$ cat query-v7.cif   # mmCIF, C-alpha atoms
data_entry
#
loop_
_atom_site.label_atom_id
_atom_site.label_comp_id
_atom_site.auth_asym_id
_atom_site.auth_seq_id
_atom_site.Cartn_x
_atom_site.Cartn_y
_atom_site.Cartn_z
CA MET A 1097 -69.53 154.24 -69.74
CA THR A 1098 -71.92 152.51 -67.33
CA HIS A 1099 -70.46 151.55 -63.96
CA LEU A 1100 -70.06 147.79 -63.85
CA PRO A 1101 -70.28 145.64 -60.72
CA ASP A 1102 -67.18 143.57 -59.84
CA GLU A 1103 -68.48 140.41 -61.46
CA ASP A 1104 -69.17 142.24 -64.70
CA GLU A 1105 -65.71 143.77 -64.57
CA ARG A 1106 -64.21 140.29 -64.26
CA LEU A 1107 -66.30 139.19 -67.24
CA THR A 1108 -65.09 142.21 -69.20
CA THR A 1109 -61.46 141.41 -68.36
CA LEU A 1110 -61.86 137.82 -69.51
CA LEU A 1111 -63.73 138.78 -72.67
CA ARG A 1112 -60.93 141.18 -73.57
CA ALA A 1113 -58.41 138.41 -72.91
CA ILE A 1114 -59.90 136.44 -75.78
CA ALA A 1115 -57.37 137.46 -78.41
CA ALA A 1116 -59.23 139.46 -81.01
CA PRO A 1117 -57.88 139.28 -84.52
CA GLU A 1118 -56.32 142.53 -85.69
CA PRO A 1119 -56.79 143.96 -89.18
CA PRO A 1120 -53.83 143.12 -91.43
CA PRO A 1121 -51.20 145.88 -91.94
CA ASP A 1122 -52.36 146.62 -95.50
CA PHE A 1123 -56.00 147.03 -94.45
CA LEU A 1124 -55.95 150.83 -94.79
CA ALA A 1125 -54.24 150.74 -98.20
CA GLY A 1126 -56.79 148.23 -99.47
CA ALA A 1127 -59.72 150.28 -98.17
CA ARG A 1128 -58.28 153.46 -99.70
CA ARG A 1129 -57.81 151.78 -103.10
CA ARG A 1130 -61.36 150.46 -103.09
CA TYR A 1131 -62.76 153.82 -102.05
CA ALA A 1132 -60.91 155.57 -104.89
CA LEU A 1133 -62.32 153.02 -107.34
CA ALA A 1134 -65.83 153.48 -105.93
CA LEU A 1135 -65.58 157.28 -106.19
CA SER A 1136 -64.38 157.17 -109.80
CA ALA A 1137 -67.14 154.67 -110.66
CA ARG A 1138 -69.69 157.01 -109.07
CA TYR A 1139 -68.29 159.95 -111.06
CA ARG A 1140 -68.46 157.97 -114.33
CA ARG A 1141 -72.01 156.88 -113.49
CA GLU A 1142 -73.08 160.48 -112.81
CA VAL A 1143 -71.51 161.72 -116.07
CA SER A 1144 -73.07 158.97 -118.16
CA THR A 1145 -76.47 159.52 -116.47
CA ALA A 1146 -76.27 163.25 -117.30
CA LEU A 1147 -75.34 162.50 -120.91
CA VAL A 1148 -78.18 160.01 -121.31
CA ALA A 1149 -80.63 162.49 -119.73
CA ALA A 1150 -79.44 165.27 -122.08
CA ALA A 1151 -79.76 163.00 -125.14
CA LEU A 1152 -83.25 161.91 -124.06
CA GLY A 1153 -84.29 165.53 -123.46
CA LEU A 1154 -83.00 166.60 -126.86
CA GLY A 1155 -84.72 163.68 -128.56
CA LEU A 1156 -87.98 164.49 -126.77
CA ALA A 1157 -87.78 168.18 -127.74
CA VAL A 1158 -87.11 167.34 -131.41
CA THR A 1159 -89.94 164.79 -131.44
CA LEU A 1160 -92.38 167.31 -129.94
CA MET A 1161 -91.37 170.02 -132.39
CA LEU A 1162 -91.72 167.67 -135.33
CA SER A 1163 -95.15 166.56 -134.10
CA VAL A 1164 -96.34 170.20 -133.71
CA PHE A 1165 -94.80 171.60 -136.91
CA GLU A 1166 -94.55 169.99 -140.30
CA PRO A 1167 -90.80 169.71 -140.97
CA VAL A 1168 -91.01 171.48 -144.35
CA SER A 1169 -93.27 174.30 -143.14
CA PHE A 1170 -91.13 174.68 -140.00
CA ILE A 1171 -87.96 175.09 -142.07
CA ALA A 1172 -89.79 177.57 -144.35
CA TRP A 1173 -90.99 179.57 -141.30
CA VAL A 1174 -87.43 179.68 -139.88
CA ALA A 1175 -86.14 180.87 -143.31
CA VAL A 1176 -88.76 183.67 -143.47
CA VAL A 1177 -87.90 184.83 -139.91
CA VAL A 1178 -84.18 184.88 -140.74
CA ALA A 1179 -84.87 186.85 -143.97
CA ASP A 1180 -87.05 189.40 -142.07
CA VAL A 1181 -84.44 189.95 -139.38
CA THR A 1182 -81.73 190.38 -142.04
CA ALA A 1183 -83.88 192.91 -143.97
CA TRP A 1184 -84.54 194.95 -140.81
CA MET A 1185 -80.87 194.97 -139.86
CA THR A 1186 -79.88 196.06 -143.37
CA GLY A 1187 -82.51 198.88 -143.38
CA ILE A 1188 -81.31 200.21 -140.01
CA ALA A 1189 -77.70 200.12 -141.21
CA ILE A 1190 -78.61 202.06 -144.37
CA VAL A 1191 -80.52 204.74 -142.39
CA LEU A 1192 -77.62 205.10 -139.95
CA SER A 1193 -75.11 205.50 -142.76
CA VAL A 1194 -77.23 207.94 -144.83
CA VAL A 1195 -78.18 210.42 -142.08
CA PRO A 1196 -75.17 212.61 -141.07
CA PRO A 1197 -73.95 212.37 -137.44
CA VAL A 1198 -74.70 216.08 -136.83
CA LEU A 1199 -78.38 215.40 -137.36
CA TRP A 1200 -78.31 212.43 -134.97
CA THR A 1201 -76.58 214.55 -132.32
CA THR A 1202 -79.10 217.40 -132.72
CA ALA A 1203 -82.03 215.02 -132.48
CA VAL A 1204 -80.66 213.39 -129.33
CA LEU A 1205 -79.96 216.76 -127.67
CA ALA A 1206 -83.46 218.01 -128.56
CA CYS A 1207 -84.99 214.93 -126.96
CA VAL A 1208 -82.93 215.41 -123.77
CA VAL A 1209 -83.81 219.12 -123.54
CA SER A 1210 -87.52 218.46 -124.01
CA LEU A 1211 -87.57 215.63 -121.45
CA LEU A 1212 -85.47 217.38 -118.77
CA PRO A 1213 -88.19 219.82 -117.50
CA ILE A 1214 -90.66 216.96 -117.23
CA VAL A 1215 -88.16 214.91 -115.14
CA LEU A 1216 -87.35 217.90 -112.92
CA LEU A 1217 -91.03 218.64 -112.39
CA ALA A 1218 -91.73 215.05 -111.49
CA ARG A 1219 -88.90 215.01 -108.91
CA ALA A 1220 -89.90 218.35 -107.34
CA ARG A 1221 -91.72 218.04 -103.98
CA LEU A 1222 -94.95 219.87 -103.43
CA PRO A 1223 -94.83 222.24 -100.39
CA LEU A 1224 -96.80 220.96 -97.41
CA VAL A 1225 -99.92 222.91 -96.55
CA VAL A 1226 -99.71 223.95 -92.91
CA LYS A 1227 -102.86 224.98 -91.13
CA MET B 1226 -70.16 164.31 -66.25
CA ALA B 1227 -70.61 167.58 -68.14
CA ALA B 1228 -67.00 167.37 -69.31
CA ALA B 1229 -67.58 163.83 -70.61
CA GLU B 1230 -70.71 164.95 -72.48
CA ALA B 1231 -68.83 167.88 -73.98
CA ARG B 1232 -66.05 165.51 -75.06
CA ASP B 1233 -68.61 163.13 -76.62
CA ALA B 1234 -70.21 166.05 -78.48
CA ASN B 1235 -66.79 167.15 -79.74
CA ASP B 1236 -66.01 163.61 -80.86
CA LEU B 1237 -69.33 163.40 -82.68
CA HIS B 1238 -68.72 166.73 -84.35
CA ALA B 1239 -65.19 165.70 -85.38
CA GLU B 1240 -66.44 162.37 -86.75
CA ARG B 1241 -69.15 164.03 -88.80
CA ASP B 1242 -66.69 166.56 -90.14
CA LEU B 1243 -64.24 163.82 -91.13
CA ALA B 1244 -67.01 161.78 -92.73
CA ARG B 1245 -68.21 164.76 -94.78
CA ARG B 1246 -64.67 165.43 -95.96
CA ALA B 1247 -64.19 161.75 -96.79
CA ARG B 1248 -67.38 161.79 -98.86
CA ARG B 1249 -66.03 164.70 -100.88
CA GLY B 1250 -62.98 162.58 -101.70
CA ASP B 1251 -60.57 163.81 -99.01
CA SER B 1252 -58.32 160.77 -98.66
CA ALA B 1253 -56.68 162.02 -95.45
CA ALA B 1254 -60.08 162.22 -93.74
CA PHE B 1255 -60.96 158.76 -95.06
CA ASP B 1256 -57.68 157.37 -93.70
CA GLN B 1257 -58.30 158.89 -90.27
CA LEU B 1258 -61.76 157.35 -90.04
CA VAL B 1259 -60.54 153.93 -91.19
CA LEU B 1260 -57.72 154.02 -88.64
CA ARG B 1261 -60.13 155.05 -85.90
CA PHE B 1262 -62.79 152.39 -86.58
CA GLN B 1263 -61.02 149.54 -88.40
CA HIS B 1264 -60.59 147.40 -85.27
CA PRO B 1265 -64.22 147.17 -84.12
CA VAL B 1266 -65.48 146.79 -87.70
CA TYR B 1267 -62.92 144.10 -88.55
CA ARG B 1268 -63.54 142.24 -85.27
CA LEU B 1269 -67.30 142.23 -85.89
CA CYS B 1270 -66.80 140.79 -89.38
CA ARG B 1271 -64.45 138.14 -88.01
CA ARG B 1272 -66.91 137.19 -85.27
CA ILE B 1273 -69.75 136.78 -87.75
CA LEU B 1274 -67.88 135.18 -90.67
CA ARG B 1275 -64.87 133.54 -89.00
CA SER B 1276 -63.19 133.47 -92.38
CA PRO B 1277 -60.71 135.48 -94.51
CA HIS B 1278 -63.73 137.18 -96.16
CA ALA B 1279 -63.82 139.37 -93.06
CA GLU B 1280 -61.07 141.68 -94.34
CA ASP B 1281 -62.83 142.10 -97.66
CA LEU B 1282 -66.16 142.97 -96.08
CA ALA B 1283 -64.64 145.24 -93.44
CA GLN B 1284 -63.02 147.29 -96.24
CA GLU B 1285 -66.27 147.25 -98.20
CA THR B 1286 -68.03 148.60 -95.09
CA PHE B 1287 -65.97 151.79 -95.17
CA VAL B 1288 -66.43 152.19 -98.92
CA ARG B 1289 -70.23 151.78 -98.73
CA ALA B 1290 -70.48 154.04 -95.71
CA PHE B 1291 -68.75 157.01 -97.32
CA VAL B 1292 -70.15 156.55 -100.82
CA HIS B 1293 -73.67 156.60 -99.27
CA PHE B 1294 -72.91 159.07 -96.51
CA ASP B 1295 -76.06 161.09 -97.36
CA ARG B 1296 -78.09 158.29 -95.73
CA PHE B 1297 -76.31 158.75 -92.40
CA ASP B 1298 -78.23 160.35 -89.53
CA PRO B 1299 -75.86 163.12 -88.38
CA GLU B 1300 -77.35 163.08 -84.87
CA ARG B 1301 -75.99 159.59 -84.23
CA PRO B 1302 -72.39 158.48 -83.68
CA LEU B 1303 -70.63 156.93 -86.64
CA LEU B 1304 -69.50 153.59 -85.18
CA PRO B 1305 -72.96 151.99 -84.71
CA TRP B 1306 -73.80 152.93 -88.30
CA LEU B 1307 -70.58 151.35 -89.58
CA LEU B 1308 -71.28 148.23 -87.53
CA THR B 1309 -74.80 148.02 -88.97
CA ILE B 1310 -73.41 148.14 -92.51
CA ALA B 1311 -70.72 145.56 -91.67
CA ARG B 1312 -73.25 143.23 -90.08
CA ARG B 1313 -75.63 143.48 -93.05
CA LEU B 1314 -72.80 142.80 -95.51
CA CYS B 1315 -71.70 139.75 -93.52
CA LEU B 1316 -75.23 138.36 -93.20
CA ASP B 1317 -75.82 138.93 -96.93
CA LEU B 1318 -72.65 136.99 -97.72
CA LEU B 1319 -73.65 134.17 -95.41
CA ARG B 1320 -77.07 133.98 -97.03
CA ARG B 1321 -75.78 134.31 -100.60
CA ASP B 1322 -72.87 131.91 -100.46
CA LYS B 1323 -74.32 129.68 -97.75
CA VAL B 1324 -71.00 130.14 -95.99
CA MET B 1325 -71.15 128.40 -92.66
CA ALA B 1326 -69.38 130.30 -89.92
CA LYS B 1327 -67.07 127.82 -88.29
CA PRO B 1328 -65.54 128.29 -84.87
CA GLU B 1329 -61.84 129.01 -85.13
CA ASP B 1330 -59.11 128.52 -82.64
CA THR B 1331 -57.99 131.85 -81.28
CA PRO B 1332 -55.00 132.27 -79.03
CA VAL B 1333 -55.57 133.71 -75.58
CA ALA B 1334 -54.24 137.21 -75.01
CA VAL B 1335 -53.12 136.97 -71.42
CA ASP B 1336 -50.66 138.97 -69.34
CA PRO B 1337 -47.23 138.01 -70.74
CA ALA B 1338 -45.59 137.58 -67.32
CA PRO B 1339 -47.97 135.86 -64.92
CA SER B 1340 -47.03 132.87 -62.76
CA PRO B 1341 -47.42 129.52 -64.59
CA GLU B 1342 -50.37 128.54 -62.33
CA ARG B 1343 -52.14 131.85 -62.86
CA HIS B 1344 -51.51 131.65 -66.60
CA ALA B 1345 -52.97 128.16 -66.71
CA SER B 1346 -55.99 129.20 -64.66
CA LEU B 1347 -56.64 132.28 -66.78
CA SER B 1348 -56.25 130.29 -70.00
CA GLU B 1349 -58.70 127.73 -68.71
CA GLN B 1350 -61.23 130.43 -67.79
CA VAL B 1351 -60.87 132.13 -71.15
CA SER B 1352 -61.28 128.83 -72.99
CA ARG B 1353 -64.45 128.10 -71.05
CA LEU B 1354 -65.71 131.59 -71.76
CA GLU B 1355 -65.03 131.14 -75.46
CA ARG B 1356 -66.98 127.90 -75.51
CA ALA B 1357 -69.84 129.51 -73.58
CA LEU B 1358 -69.79 132.44 -76.04
CA ALA B 1359 -69.99 130.03 -78.96
CA ASP B 1360 -73.06 128.45 -77.34
CA LEU B 1361 -74.85 131.81 -77.17
CA ASP B 1362 -77.19 132.89 -79.96
CA ASP B 1363 -75.81 135.46 -82.42
CA GLY B 1364 -77.73 138.42 -80.95
CA PRO B 1365 -76.75 137.99 -77.28
CA ARG B 1366 -73.16 137.14 -78.25
CA GLU B 1367 -72.81 140.27 -80.37
CA ALA B 1368 -74.48 142.44 -77.72
CA ILE B 1369 -72.08 141.08 -75.06
CA MET B 1370 -69.02 141.74 -77.24
CA LEU B 1371 -70.14 145.23 -78.29
CA PHE B 1372 -70.84 146.21 -74.68
CA HIS B 1373 -67.88 144.64 -72.88
CA VAL B 1374 -65.17 144.78 -75.56
CA GLU B 1375 -66.10 147.68 -77.85
CA GLU B 1376 -67.63 149.73 -74.98
CA LEU B 1377 -70.75 150.76 -76.89
CA SER B 1378 -73.77 152.10 -75.00
CA TYR B 1379 -77.08 150.17 -74.93
CA ARG B 1380 -78.53 152.68 -77.37
CA ASP B 1381 -75.65 152.32 -79.82
CA ILE B 1382 -75.79 148.52 -79.60
CA ALA B 1383 -79.51 148.68 -80.38
CA ALA B 1384 -78.74 150.89 -83.40
CA ALA B 1385 -75.91 148.65 -84.61
CA LEU B 1386 -77.90 145.42 -84.28
CA GLU B 1387 -81.16 147.04 -85.44
CA VAL B 1388 -83.21 145.82 -82.46
CA PRO B 1389 -85.17 147.67 -79.74
CA LEU B 1390 -83.36 148.83 -76.63
CA GLY B 1391 -85.30 146.37 -74.48
CA THR B 1392 -84.04 143.46 -76.58
CA VAL B 1393 -80.44 144.57 -76.04
CA MET B 1394 -81.00 144.71 -72.28
CA THR B 1395 -82.58 141.26 -72.30
CA TRP B 1396 -79.77 139.82 -74.43
CA LEU B 1397 -77.13 141.31 -72.17
CA HIS B 1398 -78.83 140.08 -69.01
CA ARG B 1399 -79.31 136.53 -70.29
CA GLY B 1400 -75.93 136.39 -72.00
CA ARG B 1401 -74.08 137.51 -68.88
CA ALA B 1402 -75.98 135.01 -66.75
CA GLN B 1403 -75.02 132.17 -69.11
CA LEU B 1404 -71.39 133.22 -69.25
CA LYS B 1405 -71.13 133.65 -65.49
CA SER B 1406 -72.65 130.25 -64.82
CA ALA B 1407 -70.20 128.73 -67.32
CA LEU B 1408 -67.34 130.39 -65.44
CA GLU B 1409 -68.66 129.32 -62.04
CA GLU B 1410 -68.61 125.71 -63.14
CA THR B 1411 -64.84 126.02 -63.34
CA ALA B 1412 -64.48 127.46 -59.82
#

$ encode --input "query-v7.cif" --output "structure tokens"
Amino acid sequence: MTHLPDEDERLTTLLRAIAAPEPPPDFLAGARRRYALALSARYRREVSTALVAAALGLGLAVTLMLSVFEPVSFIAWVAVVVADVTAWMTGIAIVLSVVPPVLWTTAVLACVVSLLPIVLLARARLPLVVK
Amino acid sequence: MAAAEARDANDLHAERDLARRARRGDSAAFDQLVLRFQHPVYRLCRRILRSPHAEDLAQETFVRAFVHFDRFDPERPLLPWLLTIARRLCLDLLRRDKVMAKPEDTPVAVDPAPSPERHASLSEQVSRLERALADLDDGPREAIMLFHVEELSYRDIAAALEVPLGTVMTWLHRGRAQLKSALEETA
């Protein structure tokens, strides 16, 4: 606080003697109620903005896809892809069920045994040549 | 001096912390800030509006401040910012509703047990001061009240009233001179 000369101090005393109105006793409760309302309104606004943005994004994506692909040919392409994936999955399942587990185990072990020397060689350090 | 600065820095830090918590919906922090600043904010609204709308706008000040707390400059104290919001809300209302601020009769808060002569003299001085205050322009009057009653610094008054520092100093100088001459007329 700045130091005030006597005359300013007298002015300050008199200005403070002018009775200042005090906030009513329920001021805090009123402010709290309004703040809670404002916060919930902001939350609702944020949620509705997010929903509108999501709906717009979805609409835009669908519009773009429909403009790039013909709807009928797009559906046909999706059907072909689904059929291919299903055929591949079925084929793999048949192979797995037909070949006995002993053969699978042998094949896996053979792979590991053939790869192991290569890995060990790769990890081995070459001796330094000292002059 | 250093202790006072450290205390001010601690106050600032505590205010910012409370304001951040209030913005996240912490009602206890909001209550603390309202209790701390309700008097200067309410008094400012009353001085500008001189009507029962003051309570409404003082409450709205706190709501706006903490809903839009991201706009607050954390390097500045909170009170000048609150006063700026309150002042803008009041001026908007005056412009919108063409509400004319009318002077109101306020009782004089004097020492409850002075001698009758001293009480009369003090009441007379305060009445003259009130009339002289009413004759001041809005800017100088508000600067005088914020400096002498609310104890704000020049810099904070400038921030609250949204004017340059030099204007605040000029307003205070001229305002004090007018008030003192009004008081001297009584002597």

$ closest_atom_pairs --input "query-v7.cif" --of "chain A" --to "chain B" --cutoff "12 Å" --atoms "all atoms listed in the file" --output "Markdown table"
| residue | atom | partner | partner_atom | distance |
| --- | --- | --- | --- | --- |
| A:Met1097 | CA | B:Ser1378 | CA | 7.1 |
| A:Thr1098 | CA | B:Ser1378 | CA | 7.9 |
| A:His1099 | CA | B:Glu1376 | CA | 11.5 |
| A:Leu1100 | CA | B:His1373 | CA | 9.8 |
| A:Glu1103 | CA | B:Lys1405 | CA | 8.3 |
| A:Asp1104 | CA | B:Arg1401 | CA | 8.0 |
| A:Glu1105 | CA | B:His1373 | CA | 8.6 |
| A:Arg1106 | CA | B:Lys1405 | CA | 9.7 |
| A:Leu1107 | CA | B:Lys1405 | CA | 7.6 |
| A:Thr1108 | CA | B:His1373 | CA | 5.2 |
| A:Thr1109 | CA | B:His1373 | CA | 8.5 |
| A:Leu1110 | CA | B:Val1351 | CA | 6.0 |
| A:Leu1111 | CA | B:Val1374 | CA | 6.8 |
| A:Arg1112 | CA | B:Val1374 | CA | 5.9 |
| A:Ala1113 | CA | B:Ala1334 | CA | 4.8 |
| A:Ile1114 | CA | B:Val1333 | CA | 5.1 |
| A:Ala1115 | CA | B:Ala1334 | CA | 4.6 |
| A:Ala1116 | CA | B:Arg1268 | CA | 6.7 |
| A:Pro1117 | CA | B:Arg1268 | CA | 6.4 |
| A:Glu1118 | CA | B:His1264 | CA | 6.5 |
| A:Pro1119 | CA | B:Tyr1267 | CA | 6.2 |
| A:Pro1120 | CA | B:Glu1280 | CA | 7.9 |
| A:Pro1121 | CA | B:Leu1260 | CA | 10.9 |
| A:Asp1122 | CA | B:Glu1280 | CA | 10.1 |
| A:Phe1123 | CA | B:Gln1284 | CA | 7.2 |
| A:Leu1124 | CA | B:Val1259 | CA | 6.6 |
| A:Ala1125 | CA | B:Asp1256 | CA | 8.7 |
| A:Gly1126 | CA | B:Gln1284 | CA | 7.1 |
| A:Ala1127 | CA | B:Gln1284 | CA | 4.9 |
| A:Arg1128 | CA | B:Asp1256 | CA | 7.2 |
| A:Arg1129 | CA | B:Val1288 | CA | 9.6 |
| A:Arg1130 | CA | B:Val1288 | CA | 6.8 |
| A:Tyr1131 | CA | B:Val1288 | CA | 5.1 |
| A:Ala1132 | CA | B:Gly1250 | CA | 8.0 |
| A:Leu1133 | CA | B:Val1288 | CA | 9.4 |
| A:Ala1134 | CA | B:Val1288 | CA | 7.2 |
| A:Leu1135 | CA | B:Val1292 | CA | 7.1 |
| A:Ser1136 | CA | B:Gly1250 | CA | 9.8 |
| A:Ala1137 | CA | B:Val1292 | CA | 10.5 |
| A:Arg1138 | CA | B:Val1292 | CA | 8.3 |
| A:Tyr1139 | CA | B:Val1292 | CA | 10.9 |

$ atom_distance --input "query-v7.cif" --atom1 "atom CA of B:His1278" --atom2 "atom CA of B:Cys1315"
8.8 Å

$ atom_distance --input "query-v7.cif" --atom1 "atom CA of B:Ala1357" --atom2 "atom CA of B:Ala1402"
10.7 Å

$ atom_distance --input "query-v7.cif" --atom1 "atom CA of B:Pro1305" --atom2 "atom CA of B:Leu1371"
9.7 Å

$ residues_near_point --input "query-v7.cif" --point "(-72.1, 156.6, -81.7)" --cutoff "10 Å" --atoms "only C-alpha atoms" --output "tab-separated table (two decimals) with C-alpha atoms, in the coordinates of the input"
chain	number	residue	atom	x	y	z
B	1233	ASP	CA	-68.61	163.13	-76.62
B	1236	ASP	CA	-66.01	163.61	-80.86
B	1237	LEU	CA	-69.33	163.40	-82.68
B	1240	GLU	CA	-66.44	162.37	-86.75
B	1300	GLU	CA	-77.35	163.08	-84.87
B	1301	ARG	CA	-75.99	159.59	-84.23
B	1302	PRO	CA	-72.39	158.48	-83.68
B	1303	LEU	CA	-70.63	156.93	-86.64
B	1304	LEU	CA	-69.50	153.59	-85.18
B	1305	PRO	CA	-72.96	151.99	-84.71
B	1306	TRP	CA	-73.80	152.93	-88.30
B	1307	LEU	CA	-70.58	151.35	-89.58
B	1377	LEU	CA	-70.75	150.76	-76.89
B	1378	SER	CA	-73.77	152.10	-75.00
B	1380	ARG	CA	-78.53	152.68	-77.37
B	1381	ASP	CA	-75.65	152.32	-79.82
B	1382	ILE	CA	-75.79	148.52	-79.60
B	1384	ALA	CA	-78.74	150.89	-83.40
B	1385	ALA	CA	-75.91	148.65	-84.61

$ decode --input "query-v7.cif" --residues "stretch 1291-1299 of chain B" --atoms "all heavy atoms" --output "PDB file, in the first residue's frame"
ATOM      1  N   PHE B1291     -15.721 -17.488 -13.640  1.00  0.00           N
ATOM      2  CA  PHE B1291     -15.210 -18.854 -13.493  1.00  0.00           C
ATOM      3  C   PHE B1291     -15.636 -19.773 -14.628  1.00  0.00           C
ATOM      4  O   PHE B1291     -14.960 -20.761 -14.887  1.00  0.00           O
ATOM      5  CB  PHE B1291     -15.564 -19.405 -12.115  1.00  0.00           C
ATOM      6  CG  PHE B1291     -14.931 -18.571 -11.056  1.00  0.00           C
ATOM      7  CD1 PHE B1291     -15.685 -17.863 -10.145  1.00  0.00           C
ATOM      8  CD2 PHE B1291     -13.556 -18.423 -11.025  1.00  0.00           C
ATOM      9  CE1 PHE B1291     -15.085 -17.042  -9.208  1.00  0.00           C
ATOM     10  CE2 PHE B1291     -12.945 -17.601 -10.094  1.00  0.00           C
ATOM     11  CZ  PHE B1291     -13.714 -16.909  -9.184  1.00  0.00           C
ATOM     12  N   VAL B1292     -16.701 -19.415 -15.334  1.00  0.00           N
ATOM     13  CA  VAL B1292     -17.037 -20.195 -16.537  1.00  0.00           C
ATOM     14  C   VAL B1292     -15.997 -19.897 -17.623  1.00  0.00           C
ATOM     15  O   VAL B1292     -15.601 -20.782 -18.376  1.00  0.00           O
ATOM     16  CB  VAL B1292     -18.470 -19.865 -17.017  1.00  0.00           C
ATOM     17  CG1 VAL B1292     -18.711 -20.402 -18.407  1.00  0.00           C
ATOM     18  CG2 VAL B1292     -19.497 -20.468 -16.056  1.00  0.00           C
ATOM     19  N   HIS B1293     -15.541 -18.627 -17.685  1.00  0.00           N
ATOM     20  CA  HIS B1293     -14.558 -18.238 -18.718  1.00  0.00           C
ATOM     21  C   HIS B1293     -13.178 -18.027 -18.114  1.00  0.00           C
ATOM     22  O   HIS B1293     -12.456 -17.118 -18.511  1.00  0.00           O
ATOM     23  CB  HIS B1293     -15.028 -16.959 -19.410  1.00  0.00           C
ATOM     24  CG  HIS B1293     -16.360 -17.090 -20.049  1.00  0.00           C
ATOM     25  ND1 HIS B1293     -16.585 -17.914 -21.120  1.00  0.00           N
ATOM     26  CD2 HIS B1293     -17.560 -16.542 -19.748  1.00  0.00           C
ATOM     27  CE1 HIS B1293     -17.862 -17.848 -21.447  1.00  0.00           C
ATOM     28  NE2 HIS B1293     -18.472 -17.031 -20.633  1.00  0.00           N
ATOM     29  N   PHE B1294     -12.813 -18.852 -17.154  1.00  0.00           N
ATOM     30  CA  PHE B1294     -11.553 -18.642 -16.451  1.00  0.00           C
ATOM     31  C   PHE B1294     -10.337 -18.800 -17.372  1.00  0.00           C
ATOM     32  O   PHE B1294      -9.263 -18.268 -17.087  1.00  0.00           O
ATOM     33  CB  PHE B1294     -11.440 -19.610 -15.267  1.00  0.00           C
ATOM     34  CG  PHE B1294     -10.248 -19.355 -14.418  1.00  0.00           C
ATOM     35  CD1 PHE B1294     -10.133 -18.172 -13.708  1.00  0.00           C
ATOM     36  CD2 PHE B1294      -9.219 -20.268 -14.349  1.00  0.00           C
ATOM     37  CE1 PHE B1294      -9.018 -17.921 -12.941  1.00  0.00           C
ATOM     38  CE2 PHE B1294      -8.099 -20.020 -13.571  1.00  0.00           C
ATOM     39  CZ  PHE B1294      -8.001 -18.846 -12.867  1.00  0.00           C
ATOM     40  N   ASP B1295     -10.495 -19.509 -18.497  1.00  0.00           N
ATOM     41  CA  ASP B1295      -9.365 -19.695 -19.420  1.00  0.00           C
ATOM     42  C   ASP B1295      -8.925 -18.365 -20.035  1.00  0.00           C
ATOM     43  O   ASP B1295      -7.826 -18.277 -20.569  1.00  0.00           O
ATOM     44  CB  ASP B1295      -9.736 -20.701 -20.515  1.00  0.00           C
ATOM     45  CG  ASP B1295     -11.081 -20.414 -21.128  1.00  0.00           C
ATOM     46  OD1 ASP B1295     -11.941 -19.855 -20.419  1.00  0.00           O
ATOM     47  OD2 ASP B1295     -11.286 -20.734 -22.312  1.00  0.00           O
ATOM     48  N   ARG B1296      -9.763 -17.334 -19.960  1.00  0.00           N
ATOM     49  CA  ARG B1296      -9.374 -16.025 -20.513  1.00  0.00           C
ATOM     50  C   ARG B1296      -8.597 -15.184 -19.504  1.00  0.00           C
ATOM     51  O   ARG B1296      -8.165 -14.089 -19.816  1.00  0.00           O
ATOM     52  CB  ARG B1296     -10.618 -15.239 -20.926  1.00  0.00           C
ATOM     53  CG  ARG B1296     -11.388 -15.903 -22.049  1.00  0.00           C
ATOM     54  CD  ARG B1296     -12.612 -15.100 -22.386  1.00  0.00           C
ATOM     55  NE  ARG B1296     -13.537 -15.887 -23.183  1.00  0.00           N
ATOM     56  CZ  ARG B1296     -14.787 -15.549 -23.398  1.00  0.00           C
ATOM     57  NH1 ARG B1296     -15.272 -14.445 -22.889  1.00  0.00           N
ATOM     58  NH2 ARG B1296     -15.563 -16.319 -24.125  1.00  0.00           N
ATOM     59  N   PHE B1297      -8.460 -15.680 -18.291  1.00  0.00           N
ATOM     60  CA  PHE B1297      -7.810 -14.907 -17.233  1.00  0.00           C
ATOM     61  C   PHE B1297      -6.295 -14.977 -17.368  1.00  0.00           C
ATOM     62  O   PHE B1297      -5.747 -16.049 -17.624  1.00  0.00           O
ATOM     63  CB  PHE B1297      -8.266 -15.461 -15.875  1.00  0.00           C
ATOM     64  CG  PHE B1297      -7.538 -14.889 -14.702  1.00  0.00           C
ATOM     65  CD1 PHE B1297      -7.593 -13.535 -14.443  1.00  0.00           C
ATOM     66  CD2 PHE B1297      -6.810 -15.698 -13.860  1.00  0.00           C
ATOM     67  CE1 PHE B1297      -6.916 -12.999 -13.358  1.00  0.00           C
ATOM     68  CE2 PHE B1297      -6.140 -15.180 -12.774  1.00  0.00           C
ATOM     69  CZ  PHE B1297      -6.198 -13.822 -12.531  1.00  0.00           C
ATOM     70  N   ASP B1298      -5.631 -13.819 -17.222  1.00  0.00           N
ATOM     71  CA  ASP B1298      -4.172 -13.781 -17.250  1.00  0.00           C
ATOM     72  C   ASP B1298      -3.666 -14.186 -15.861  1.00  0.00           C
ATOM     73  O   ASP B1298      -3.835 -13.436 -14.892  1.00  0.00           O
ATOM     74  CB  ASP B1298      -3.714 -12.357 -17.589  1.00  0.00           C
ATOM     75  CG  ASP B1298      -2.204 -12.202 -17.494  1.00  0.00           C
ATOM     76  OD1 ASP B1298      -1.521 -13.222 -17.290  1.00  0.00           O
ATOM     77  OD2 ASP B1298      -1.720 -11.066 -17.620  1.00  0.00           O
ATOM     78  N   PRO B1299      -3.024 -15.361 -15.756  1.00  0.00           N
ATOM     79  CA  PRO B1299      -2.646 -15.857 -14.424  1.00  0.00           C
ATOM     80  C   PRO B1299      -1.567 -15.021 -13.743  1.00  0.00           C
ATOM     81  O   PRO B1299      -1.299 -15.206 -12.567  1.00  0.00           O
ATOM     82  CB  PRO B1299      -2.162 -17.283 -14.699  1.00  0.00           C
ATOM     83  CG  PRO B1299      -1.852 -17.325 -16.135  1.00  0.00           C
ATOM     84  CD  PRO B1299      -2.663 -16.293 -16.821  1.00  0.00           C
TER      85      PRO B1299
END
